[in-house]
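Visitor: mmCIF, C-alpha atoms, file structure24.cif:
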```
data_upload
loop_
_atom_site.label_atom_id
_atom_site.label_comp_id
_atom_site.auth_asym_id
_atom_site.auth_seq_id
_atom_site.Cartn_x
_atom_site.Cartn_y
_atom_site.Cartn_z
CA MET A 95 -53.21 59.35 -11.44
CA LYS A 96 -52.41 60.56 -7.92
CA LYS A 97 -55.85 59.49 -6.71
CA THR A 98 -55.35 56.03 -8.22
CA VAL A 99 -51.98 55.61 -6.50
CA LEU A 100 -53.49 56.83 -3.25
CA ALA A 101 -56.31 54.32 -3.51
CA ILE A 102 -53.81 51.50 -4.04
CA MET A 103 -51.83 52.69 -1.01
CA CYS A 104 -54.98 52.69 1.10
CA VAL A 105 -55.88 49.17 0.02
CA ALA A 106 -52.34 47.97 0.75
CA ALA A 107 -52.37 49.60 4.17
CA LEU A 108 -55.70 48.04 4.99
CA ALA A 109 -54.44 44.64 3.96
CA LEU A 110 -51.37 44.98 6.17
CA CYS A 111 -53.46 46.15 9.10
CA ALA A 112 -55.88 43.27 8.67
CA CYS A 113 -53.01 40.78 8.76
CA GLY A 114 -50.91 42.36 11.46
CA ASN A 115 -53.36 43.84 13.93
CA GLN A 116 -55.71 40.97 14.63
CA GLY A 117 -56.40 41.15 18.32
CA GLY A 118 -53.90 44.01 18.75
CA LYS A 119 -54.47 47.45 20.23
CA LYS A 120 -55.39 48.94 16.84
CA ALA A 121 -57.99 46.33 16.14
CA LYS A 122 -61.63 46.53 17.11
CA ASP A 123 -63.02 44.36 19.86
CA ASP A 124 -64.18 41.86 17.24
CA GLY A 125 -60.69 41.63 15.75
CA LYS A 126 -61.55 43.68 12.65
CA VAL A 127 -59.77 46.86 11.61
CA ASP A 128 -61.81 50.02 11.14
CA ALA A 129 -61.10 50.30 7.41
CA GLU A 130 -62.86 53.63 7.05
CA LYS A 131 -60.67 55.34 9.65
CA VAL A 132 -57.45 53.93 8.23
CA ALA A 133 -58.36 55.01 4.71
CA GLU A 134 -59.36 58.45 5.96
CA LYS A 135 -55.98 58.95 7.63
CA MET A 136 -54.17 57.86 4.45
CA ILE A 137 -56.17 60.26 2.30
CA GLN A 138 -55.71 63.19 4.70
CA LYS A 139 -51.93 62.90 4.39
CA ALA A 140 -52.24 63.78 0.72
CA PHE A 141 -54.35 66.95 1.07
CA GLU A 142 -53.86 69.06 -2.04
CA GLY A 143 -57.02 71.14 -2.03
CA GLU A 144 -57.56 74.89 -2.06
CA LYS A 145 -55.90 76.58 0.93
CA TYR A 146 -58.72 79.10 1.20
CA SER A 147 -61.36 76.48 1.97
CA LYS A 148 -63.25 74.95 4.84
CA GLU A 149 -61.64 71.60 4.01
CA ALA A 150 -58.16 73.11 4.40
CA ALA A 151 -59.05 74.66 7.76
CA GLU A 152 -60.57 71.39 9.00
CA TYR A 153 -57.56 69.40 7.88
CA TYR A 154 -54.87 71.68 9.30
CA PHE A 155 -56.55 72.40 12.63
CA LEU A 156 -56.54 68.64 13.12
CA LYS A 157 -53.10 67.96 11.65
CA ASN A 158 -51.24 70.86 13.26
CA GLU A 159 -52.98 71.12 16.62
CA GLY A 160 -54.92 67.88 16.97
CA ILE A 161 -58.17 69.85 17.27
CA LYS A 162 -61.44 69.13 15.48
CA PHE A 163 -62.96 71.99 13.49
CA ALA A 164 -66.38 71.15 14.92
CA ASP A 165 -65.09 71.87 18.45
CA LEU A 166 -64.21 75.43 17.41
CA ALA A 167 -67.41 76.24 15.52
CA PRO A 168 -70.43 77.99 17.08
CA GLU A 169 -74.03 76.84 17.16
CA TYR A 170 -75.41 79.70 15.03
CA ALA A 171 -75.82 79.56 11.24
CA LEU A 172 -72.70 80.75 9.42
CA ASN A 173 -72.13 83.33 6.70
CA GLU A 174 -69.54 81.66 4.45
CA THR A 175 -69.80 83.90 1.40
CA SER A 176 -66.26 85.32 1.52
CA LYS A 177 -63.40 83.50 -0.16
CA TYR A 178 -61.29 84.27 2.90
CA THR A 179 -63.65 82.75 5.46
CA TYR A 180 -61.30 79.80 5.98
CA TYR A 181 -57.63 79.07 5.47
CA GLY A 182 -55.18 76.28 6.21
CA ASP A 183 -51.59 75.30 5.47
CA GLU A 184 -48.65 73.58 7.18
CA HIS A 185 -48.00 76.64 9.33
CA ASP A 186 -51.39 77.88 10.45
CA ALA A 187 -55.15 77.47 10.26
CA LEU A 188 -57.86 80.12 10.34
CA ALA A 189 -61.64 80.12 10.58
CA ASN A 190 -63.95 83.15 10.55
CA PHE A 191 -67.26 82.26 12.16
CA LYS A 192 -69.43 85.12 10.89
CA ILE A 193 -73.15 85.45 11.58
CA GLN A 194 -75.66 85.68 8.76
CA ASP A 195 -77.07 89.05 7.72
CA GLY A 196 -79.75 90.16 10.14
CA ASP A 197 -78.52 88.01 13.03
CA THR A 198 -76.86 89.39 16.15
CA TYR A 199 -73.67 88.55 18.03
CA THR A 200 -73.08 89.88 21.52
CA LYS A 201 -70.12 90.45 23.81
CA GLU A 202 -71.53 87.79 26.12
CA GLN A 203 -71.60 85.26 23.27
CA HIS A 204 -68.05 86.18 22.36
CA ILE A 205 -66.74 85.62 25.86
CA GLU A 206 -68.59 82.31 26.05
CA ASN A 207 -66.89 81.21 22.82
CA VAL A 208 -63.52 82.20 24.30
CA ARG A 209 -64.26 80.05 27.37
CA ARG A 210 -65.28 77.12 25.20
CA ILE A 211 -62.22 77.23 22.94
CA TYR A 212 -59.92 77.76 25.93
CA ALA A 213 -61.23 74.43 27.23
CA VAL A 214 -60.66 72.80 23.82
CA THR A 215 -56.97 73.75 23.63
CA LYS A 216 -56.49 72.91 27.30
CA LYS A 217 -57.74 69.40 26.61
CA ALA A 218 -55.51 69.09 23.53
CA ALA A 219 -52.37 70.30 25.37
CA ASP A 220 -49.66 67.79 26.29
CA ASN A 221 -49.71 68.88 29.92
CA GLY A 222 -53.39 69.80 30.17
CA ILE A 223 -52.92 73.57 30.58
CA ASN A 224 -52.87 76.73 28.50
CA VAL A 225 -49.80 78.90 29.04
CA TYR A 226 -48.70 82.48 28.35
CA GLY A 227 -46.14 81.60 25.69
CA PHE A 228 -43.18 83.69 24.57
CA GLU A 229 -45.53 86.07 22.77
CA ASP A 230 -46.60 87.29 26.23
CA LYS A 231 -43.58 86.61 28.44
CA SER A 232 -39.82 86.72 27.81
CA ILE A 233 -38.68 84.57 30.74
CA LYS A 234 -39.12 80.84 30.18
CA ASP A 235 -40.68 80.01 33.56
CA GLU A 236 -43.19 82.79 33.11
CA ALA A 237 -43.90 81.86 29.50
CA MET A 238 -44.61 78.26 30.49
CA ALA A 239 -46.84 79.21 33.42
CA GLU A 240 -50.58 78.63 33.14
CA LYS A 241 -52.56 81.58 31.78
CA ASP A 242 -55.62 82.01 33.93
CA LEU A 243 -58.84 82.23 31.92
CA GLU A 244 -60.78 84.49 34.29
CA GLN A 245 -57.89 86.94 34.63
CA MET A 246 -57.47 87.07 30.84
CA ILE A 247 -61.17 87.81 30.41
CA GLN A 248 -61.00 90.51 33.07
CA ASP A 249 -57.92 92.07 31.48
CA ASN A 250 -59.67 92.20 28.11
CA ASN A 251 -63.09 93.28 29.40
CA GLY A 252 -62.90 96.69 27.78
CA THR A 253 -63.84 100.09 29.15
CA LYS A 254 -66.32 102.93 28.67
CA ILE A 255 -65.43 106.37 27.39
CA PHE A 256 -68.18 109.01 27.54
CA GLY A 257 -70.68 106.19 27.94
CA ILE A 258 -69.45 104.35 24.86
CA GLU A 259 -68.02 100.88 25.41
CA ILE A 260 -64.61 100.21 23.94
CA TYR A 261 -64.22 96.46 23.61
CA ILE A 262 -61.54 94.96 21.37
CA GLY A 263 -62.43 91.31 22.00
CA SER A 264 -58.98 89.87 21.26
CA TYR A 265 -57.62 86.97 23.32
CA GLY A 266 -54.51 84.84 22.96
CA TRP A 267 -52.65 82.06 24.71
CA SER A 268 -50.29 79.17 23.96
CA PHE A 269 -50.36 75.44 24.59
CA LEU A 270 -47.91 72.56 24.23
CA LYS A 271 -48.61 70.09 21.45
CA ASN A 272 -46.14 67.31 20.70
CA GLY A 273 -43.52 69.13 22.74
CA GLU A 274 -43.87 72.44 20.84
CA LEU A 275 -45.68 75.64 21.70
CA HIS A 276 -48.71 76.43 19.58
CA ARG A 277 -50.59 79.70 19.63
CA CYS A 278 -54.35 80.26 19.73
CA GLU A 279 -55.76 83.69 18.92
CA ILE A 280 -59.43 84.64 19.04
CA SER A 281 -60.59 87.95 17.56
CA LEU A 282 -63.91 89.73 17.43
CA LEU A 283 -65.23 90.22 13.90
CA GLU A 284 -66.71 93.70 13.71
CA LYS A 285 -67.73 96.28 11.12
CA ASP A 286 -69.04 99.78 11.80
CA ASP A 287 -69.27 98.93 15.52
CA VAL A 288 -71.51 95.97 14.74
CA LYS A 289 -70.33 92.62 16.10
CA LEU A 290 -70.37 89.97 13.38
CA GLY A 291 -68.87 86.89 15.04
CA TYR A 292 -65.36 85.69 15.84
CA SER A 293 -62.25 84.28 14.22
CA VAL A 294 -59.93 81.55 15.47
CA LYS A 295 -56.34 81.31 14.32
CA MET A 296 -53.82 78.69 15.43
CA TYR A 297 -50.18 78.35 14.48
CA LYS A 298 -46.82 77.23 15.82
CA GLY A 299 -45.76 79.94 18.23
CA LEU A 300 -42.41 81.22 19.43
CA GLN A 301 -40.35 78.44 20.98
CA LYS A 302 -37.88 80.87 22.59
CA SER A 303 -37.86 84.46 23.73
CA MET A 304 -37.09 87.15 21.18
CA ASP A 305 -33.84 87.90 23.01
CA GLU A 306 -32.68 84.30 22.68
CA THR A 307 -33.76 84.19 19.04
CA LEU A 308 -31.84 87.38 18.23
CA LYS A 309 -28.74 86.13 20.04
CA GLU A 310 -28.83 82.91 18.02
CA ALA A 311 -29.26 84.91 14.83
CA GLU A 312 -26.28 87.12 15.70
CA LYS A 313 -24.18 84.04 16.42
CA ALA A 314 -25.20 82.47 13.13
CA LEU A 315 -24.15 85.62 11.27
CA GLU A 316 -20.63 85.17 12.61
CA ASP A 317 -20.33 81.87 10.74
CA PRO A 318 -18.09 82.38 7.65
CA GLU A 319 -20.26 80.05 5.58
CA VAL A 320 -23.38 82.02 6.46
CA GLN A 321 -21.59 85.24 5.55
CA LYS A 322 -20.69 83.79 2.15
CA GLN A 323 -24.29 82.80 1.51
CA LEU A 324 -25.54 86.26 2.51
CA GLU A 325 -22.97 87.94 0.26
CA LYS A 326 -24.01 85.73 -2.63
CA ALA A 327 -27.71 86.45 -1.99
CA LEU A 328 -27.06 90.21 -1.95
CA LYS A 329 -25.13 90.03 -5.21
CA ASP A 330 -27.86 87.98 -6.85
CA ALA A 331 -30.49 90.45 -5.69
CA ALA A 332 -28.49 93.37 -7.13
CA LYS A 333 -28.37 91.83 -10.63
#
```
Would you mind writing the structure in this file as structure tokens?
Guide:
Amino acid sequence: MKKTVLAIMCVAALALCACGNQGGKKAKDDGKVDAEKVAEKMIQKAFEGEKYSKEAAEYYFLKNEGIKFADLAPEYALNETSKYTYYGDEHDALANFKIQDGDTYTKEQHIENVRRIYAVTKKAADNGINVYGFEDKSIKDEAMAEKDLEQMIQDNNGTKIFGIEIYIGSYGWSFLKNGELHRCEISLLEKDDVKLGYSVKMYKGLQKSMDETLKEAEKALEDPEVQKQLEKALKDAAK
């Protein structure tokens, strides 16, 4: 039933676009509306699929951050056997790009993927830069300052202890999207010291410092109405 209603909505939207956008900015050069794109946008708004799926990750990377899944994916063949390979919801999106059994993934490849995705989020950002974010800095001016790629790579380059390299392979930064800070985190997938690929997670990050957030929370707790609600919630929990 929902699919039928959605189809009718798509047809109606296409009809309206065809009548109202002739020669307008949303019309093609020949005056015709790209029906496929309009229908696709309508359908995407009604995503109700499995959250642990490639479709969910594709949808929410695009919806939440305006970033195409294909721009985050590597060139190598993927191992997608785990149920938890992908995830997506209104709050965050995750993709684990794991190599197939028998293939190899190196530190050099990992850093190259970090460089590539850094460029992707930089392009998607409102102001064309990647910043530290409040996850890294507590002062606003510092949090909104550009996070240098080369310095981040150097800071996360790892070290050697008794000839054994210790390399975590985790990188993170923020970027402005539609006036809000979003967070990008890239992690090295590894098991038994064998590198297996990388994961990309994006979500809406902290919009204020933790100090500011805590101060606002303390102020809210002083509100009599909030205190009543908390008291009621505690009583209900004790039943």
Visitor: Could you please determine the separation between atom CA of Ala150 of chain A and atom CA of Thr215 of chain A in Å, to one decimal place?
Guide: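 Calculated distance between atom CA of Ala150 of chain A and atom CA of Thr215 of chain A is 19.3 Å.
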Visitor: At a cut-off of 7 Å, using all atoms listed in the file, what residues contact segment 191-197 of chain A? Leave out same-chain residues fewer than 4 positions from it and give the result as a count of residues only.
Guide: 8
Visitor: Once the PyMOL selection byres ((chain A and resi 294-296) around 6) has been evaluated on this model, what residues remain selected, and can you format them as an MDAnalysis selection string?
Guide: chainID A and resid 186:189 277:280 293 297
Visitor: Nearest residue to Val214 of chain A out of A:Glu244, A:Glu159, A:Asp235, A:Asp286, using only C-alpha atoms?
Guide: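 So, comparing all the options, the nearest one is A:Glu159.
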Visitor: Closest to Met238 of chain A among A:Glu259, A:Glu152, A:Glu274, A:Glu306, using all atoms listed in the file?
Guide: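 The answer is A:Glu274, which sits nearest to Met238 of chain A.
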Visitor: When the PyMOL selection byres ((chain A and resi 265) around 10) is applied to the structure above, which residues does it catch, written out as a VMD selection string?
Guide: chain A and resid 205 208 212 243 246 to 247 249 to 250 262 to 264 266 to 267 278 to 282 294
Visitor: Taking the file as I've supplied it (selection: the PyMOL selection byres ((chain A and resi 146) around 7)), which residues are included? Please answer as an NGL selection string.
Guide: :A and (144-145 or 147 or 150 or 177-178 or 180-182)
Visitor: If you measure from atom CA of Pro168 of chain A to atom CA of Tyr154 of chain A, what distance in Å do you get, rounded to one decimal?
Guide: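 Computed distance, atom CA of Pro168 of chain A to atom CA of Tyr154 of chain A, equals 18.5 Å.
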Visitor: Quick one: residues within 12 Å of Asn272 of chain A, all atoms listed in the file, excluding same-chain residues fewer than 5 positions away - as an MDAnalysis selection string?
Guide: chainID A and resid 157:160 218:221 298
Visitor: Show me the residues around (-49.7, 81.0, 24.2) - criterion: an atom at most 9 Å away, all atoms listed in the file counted - as an NGL selection string.
Guide: :A and (224-230 or 237-238 or 241 or 266-270 or 275-279 or 299-300)
Visitor: What does the structure give for the distance between atom CA of Lys148 of chain A and atom CA of Glu169 of chain A, in Å to one decimal?
Guide: 16.5 Å
Visitor: Using all atoms listed in the file, find the one residue out of A:Leu328, A:Lys289, A:Val320, A:Ala213 that sits nearest to Asp165 of chain A.
Guide: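 The shortest atom-to-atom distance to Asp165 of chain A comes from A:Ala213.
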Visitor: What would the file be for segment 167-203 of chain A if you keep N, CA and C atoms and write it as a CSV table (one decimal), in the first residue's frame?
Guide:
```
chain,number,residue,atom,x,y,z
A,167,ALA,N,34.3,4.5,-1.2
A,167,ALA,CA,34.7,3.1,-1.4
A,167,ALA,C,36.0,3.0,-2.0
A,168,PRO,N,36.8,1.9,-1.8
A,168,PRO,CA,38.1,1.7,-2.4
A,168,PRO,C,37.9,1.1,-3.8
A,169,GLU,N,39.1,0.8,-4.4
A,169,GLU,CA,39.0,0.2,-5.7
A,169,GLU,C,39.1,-1.3,-5.6
A,170,TYR,N,39.6,-1.9,-4.5
A,170,TYR,CA,39.7,-3.3,-4.3
A,170,TYR,C,38.4,-4.0,-4.1
A,171,ALA,N,38.3,-5.3,-4.4
A,171,ALA,CA,37.1,-6.1,-4.2
A,171,ALA,C,36.8,-6.2,-2.7
A,172,LEU,N,35.6,-6.1,-2.4
A,172,LEU,CA,35.2,-6.1,-1.0
A,172,LEU,C,34.7,-7.4,-0.4
A,173,ASN,N,34.9,-7.6,0.9
A,173,ASN,CA,34.4,-8.7,1.6
A,173,ASN,C,33.2,-8.2,2.4
A,174,GLU,N,32.0,-8.6,2.0
A,174,GLU,CA,30.7,-8.1,2.5
A,174,GLU,C,29.9,-9.2,3.2
A,175,THR,N,30.6,-10.1,3.8
A,175,THR,CA,29.9,-11.3,4.4
A,175,THR,C,29.3,-11.0,5.7
A,176,SER,N,29.8,-10.0,6.5
A,176,SER,CA,29.3,-9.8,7.8
A,176,SER,C,28.0,-8.9,7.7
A,177,LYS,N,27.1,-9.2,8.6
A,177,LYS,CA,25.8,-8.5,8.7
A,177,LYS,C,26.1,-7.0,9.0
A,178,TYR,N,27.2,-6.8,9.8
A,178,TYR,CA,27.5,-5.5,10.3
A,178,TYR,C,28.5,-4.7,9.4
A,179,THR,N,28.6,-5.1,8.2
A,179,THR,CA,29.5,-4.4,7.2
A,179,THR,C,29.1,-3.0,7.0
A,180,TYR,N,27.8,-2.8,6.9
A,180,TYR,CA,27.2,-1.4,6.7
A,180,TYR,C,26.1,-1.1,7.7
A,181,TYR,N,25.9,0.2,7.9
A,181,TYR,CA,24.9,0.7,8.7
A,181,TYR,C,24.5,2.1,8.4
A,182,GLY,N,23.2,2.4,8.6
A,182,GLY,CA,22.8,3.8,8.3
A,182,GLY,C,21.5,4.1,9.0
A,183,ASP,N,21.4,5.3,9.7
A,183,ASP,CA,20.1,5.8,10.2
A,183,ASP,C,20.2,7.3,10.2
A,184,GLU,N,19.2,8.0,10.8
A,184,GLU,CA,19.1,9.4,10.8
A,184,GLU,C,20.3,10.1,11.5
A,185,HIS,N,21.0,9.4,12.3
A,185,HIS,CA,22.1,10.0,13.1
A,185,HIS,C,23.4,9.7,12.5
A,186,ASP,N,23.7,8.5,12.0
A,186,ASP,CA,25.0,8.2,11.5
A,186,ASP,C,25.0,7.2,10.4
A,187,ALA,N,26.1,7.1,9.7
A,187,ALA,CA,26.3,6.1,8.7
A,187,ALA,C,27.7,5.5,8.8
A,188,LEU,N,27.7,4.2,8.5
A,188,LEU,CA,29.0,3.4,8.7
A,188,LEU,C,29.2,2.5,7.5
A,189,ALA,N,30.5,2.4,7.1
A,189,ALA,CA,30.8,1.4,6.0
A,189,ALA,C,32.2,0.8,6.4
A,190,ASN,N,32.2,-0.5,6.4
A,190,ASN,CA,33.5,-1.2,6.6
A,190,ASN,C,33.9,-1.8,5.3
A,191,PHE,N,35.0,-1.3,4.8
A,191,PHE,CA,35.6,-1.7,3.5
A,191,PHE,C,36.7,-2.7,3.7
A,192,LYS,N,36.3,-4.0,3.9
A,192,LYS,CA,37.2,-5.0,4.2
A,192,LYS,C,37.7,-5.8,2.9
A,193,ILE,N,38.9,-6.1,2.9
A,193,ILE,CA,39.5,-6.9,1.8
A,193,ILE,C,39.0,-8.3,1.8
A,194,GLN,N,39.1,-9.0,0.7
A,194,GLN,CA,38.7,-10.4,0.6
A,194,GLN,C,39.8,-11.2,1.2
A,195,ASP,N,39.5,-12.4,1.6
A,195,ASP,CA,40.4,-13.4,2.2
A,195,ASP,C,41.6,-13.6,1.2
A,196,GLY,N,42.8,-13.5,1.7
A,196,GLY,CA,43.9,-13.7,0.8
A,196,GLY,C,44.5,-12.4,0.2
A,197,ASP,N,43.8,-11.4,0.2
A,197,ASP,CA,44.3,-10.1,-0.3
A,197,ASP,C,45.0,-9.4,0.8
A,198,THR,N,45.7,-8.3,0.5
A,198,THR,CA,46.5,-7.5,1.4
A,198,THR,C,46.1,-6.1,1.4
A,199,TYR,N,46.3,-5.5,2.6
A,199,TYR,CA,46.0,-4.0,2.8
A,199,TYR,C,47.2,-3.4,3.6
A,200,THR,N,47.8,-2.4,3.0
A,200,THR,CA,49.0,-1.8,3.7
A,200,THR,C,48.7,-0.5,4.3
A,201,LYS,N,49.7,-0.1,5.1
A,201,LYS,CA,49.6,1.2,5.8
A,201,LYS,C,49.6,2.3,4.7
A,202,GLU,N,50.3,2.1,3.7
A,202,GLU,CA,50.4,3.1,2.6
A,202,GLU,C,49.0,3.3,1.9
A,203,GLN,N,48.3,2.2,1.7
A,203,GLN,CA,47.0,2.2,1.1
A,203,GLN,C,46.0,2.9,2.1
```
